[in-house]
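Content type PDB, C-alpha atoms, from the file run_24.pdb:
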MODEL        1
ATOM      1  CA  ARG T   1     297.331 -14.959 180.973
ATOM      2  CA  GLU T   2     297.621 -11.774 178.969
ATOM      3  CA  MET T   3     297.697  -8.160 180.060
ATOM      4  CA  TRP T   4     297.139  -4.930 178.171
ATOM      5  CA  PHE T   5     298.125  -1.768 180.036
ATOM      6  CA  ALA T   6     299.145   1.857 179.591
ATOM      7  CA  SER T   7     302.585   3.093 180.598
ATOM      8  CA  ASN T   8     304.584   6.266 180.093
ATOM      9  CA  ARG T   9     307.941   4.468 180.136
ATOM     10  CA  ASP T  10     308.839   6.025 176.741
ATOM     11  CA  GLY T  11     307.774   9.563 177.672
ATOM     12  CA  SER T  12     304.111   9.480 176.666
ATOM     13  CA  ASN T  13     301.291   7.142 177.662
ATOM     14  CA  ASP T  14     301.115   4.215 175.253
ATOM     15  CA  ILE T  15     299.520   0.767 175.297
ATOM     16  CA  TYR T  16     301.711  -2.245 176.067
ATOM     17  CA  TYR T  17     301.160  -5.992 176.013
ATOM     18  CA  ALA T  18     302.536  -8.722 178.275
ATOM     19  CA  HIS T  19     301.752 -12.422 178.566
ATOM     20  CA  ARG T  20     302.669 -15.538 180.504
ATOM     21  CA  ASP T  21     302.350 -19.160 179.476
ATOM     22  CA  ALA T  22     300.962 -20.411 182.809
ATOM     23  CA  VAL T  23     299.439 -18.684 185.823
ATOM     24  CA  ALA T  24     302.515 -19.401 187.966
ATOM     25  CA  ASP T  25     304.991 -18.204 185.304
ATOM     26  CA  PRO T  26     306.506 -14.710 185.334
ATOM     27  CA  TRP T  27     305.124 -12.043 182.999
ATOM     28  CA  ILE T  28     306.910 -11.553 179.664
ATOM     29  CA  LEU T  29     306.763  -7.994 178.333
ATOM     30  CA  ASP T  30     306.178  -8.142 174.589
ATOM     31  CA  GLY T  31     306.428  -4.356 174.327
ATOM     32  CA  LYS T  32     304.560  -1.337 173.091
ATOM     33  CA  VAL T  33     301.687  -1.950 170.679
ATOM     34  CA  ASP T  34     302.809   0.376 167.874
ATOM     35  CA  GLU T  35     299.536  -0.047 165.962
ATOM     36  CA  LEU T  36     297.640   1.563 168.858
ATOM     37  CA  SER T  37     300.190   4.233 169.774
ATOM     38  CA  THR T  38     300.195   7.682 168.208
ATOM     39  CA  ASP T  39     303.269   9.943 168.419
ATOM     40  CA  GLY T  40     302.489  13.017 170.509
ATOM     41  CA  ALA T  41     299.298  11.512 171.945
ATOM     42  CA  ASP T  42     298.536   9.707 175.193
ATOM     43  CA  GLU T  43     296.658   6.407 174.990
ATOM     44  CA  SER T  44     295.247   4.881 178.173
ATOM     45  CA  ASP T  45     292.676   2.592 179.802
ATOM     46  CA  PRO T  46     292.754  -0.373 177.407
ATOM     47  CA  TRP T  47     289.899  -2.860 177.821
ATOM     48  CA  VAL T  48     289.798  -6.133 175.869
ATOM     49  CA  SER T  49     286.597  -8.111 175.358
ATOM     50  CA  PRO T  50     286.488 -11.659 176.777
ATOM     51  CA  ASP T  51     286.757 -13.144 173.262
ATOM     52  CA  SER T  52     289.781 -10.880 172.515
ATOM     53  CA  HIS T  53     288.115  -9.540 169.347
ATOM     54  CA  ARG T  54     287.585  -5.952 170.513
ATOM     55  CA  MET T  55     289.601  -3.382 172.414
ATOM     56  CA  VAL T  56     288.365  -0.038 173.673
ATOM     57  CA  PHE T  57     290.895   2.566 174.761
ATOM     58  CA  ALA T  58     291.191   6.306 175.319
ATOM     59  CA  SER T  59     293.460   8.661 173.381
ATOM     60  CA  ASP T  60     293.881  12.400 173.632
ATOM     61  CA  ASN T  61     295.386  12.662 170.099
ATOM     62  CA  GLY T  62     297.763  15.263 171.494
ATOM     63  CA  ASN T  63     295.043  17.828 172.237
ATOM     64  CA  GLY T  64     294.430  16.982 175.906
ATOM     65  CA  ASP T  65     290.816  15.824 175.417
ATOM     66  CA  ASN T  66     290.313  12.056 175.606
ATOM     67  CA  ASP T  67     288.154  10.277 173.039
ATOM     68  CA  LEU T  68     287.256   6.573 173.030
ATOM     69  CA  TYR T  69     288.462   4.331 170.215
ATOM     70  CA  VAL T  70     287.494   0.788 169.285
ATOM     71  CA  SER T  71     289.848  -1.662 167.638
ATOM     72  CA  THR T  72     288.566  -4.961 166.215
ATOM     73  CA  ARG T  73     290.057  -8.049 164.683
TER      74      ARG T  73
ENDMDL
END
Entire entry expressed as structure tokens:
Amino acid sequence: REMWFASNRDGSNDIYYAHRDAVADPWILDGKVDELSTDGADESDPWVSPDSHRMVFASDNGNGDNDLYVSTR
């Protein structure tokens, strides 16, 4: 019941988060994840582990070449 996705709705690709309380409920957009978004860079392809403790995503850091990054909690 949660979704992490990349969107360019603000001009560059950034990672966003949405959730819903029940499967039949509509999605609620919580917004851009500022902690994972870098000005001038494009972040994409977020993947969250089943236990929600790790995220892997791609970022070009503004240079056009994507690198993989891992975020943990």
- Pick from T:Asn13, T:Pro26, T:Arg20, T:Val56: nearest to Thr38 of chain T, with all atoms listed in the file counted? T:Asn13
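Across T:Ile28, T:Ile15, T:Arg54, T:Gly64, the tightest approach to Gly40 of chain T is made by T:Gly64 when counting all atoms listed in the file.
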- Task: Take the point (298.9, 11.8, 174.4) in the file's coordinates, draw a sphere of radius 6 Å around it, and report as a PyMOL selection string every protein, DNA or RNA residue with an atom inside or on it, counting all atoms listed in the file.
- Result: chain T and resi 40-43+60-62
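Remark: for Trp27 of chain T, the closest of the candidate residues T:Arg9, T:Ser49, T:Asp14, T:Met3 is T:Met3 (distances computed over only C-alpha atoms).
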- For His19 of chain T, the nearest of the candidates T:Trp4, T:Val70, T:Leu36, T:His53, counting only C-alpha atoms: T:Trp4
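Across T:Leu68, T:Val48, T:Asp30, T:Met55, the tightest approach to Tyr16 of chain T is made by T:Asp30 when counting only C-alpha atoms.
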- Would you work out the distance separating atom CA of Ala58 of chain T from atom CA of Ser12 of chain T, expressed in Å to one decimal? 13.4 Å
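When atom CA of Leu29 of chain T is paired with atom CA of Pro50 of chain T, their separation reads 20.7 Å.
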- Query: If you measure from atom CA of Trp47 of chain T to atom CA of Thr72 of chain T, what distance in Å do you get, rounded to one decimal?
  - Reply: 11.9 Å
- Task: Quick one: residues within 7 Å of (289.3, 5.6, 177.6) (file frame), counting all atoms listed in the file, please, as JSON, numbers by chain.
- Result: {"T": [44, 45, 46, 56, 57, 58, 59, 66, 67, 68]}
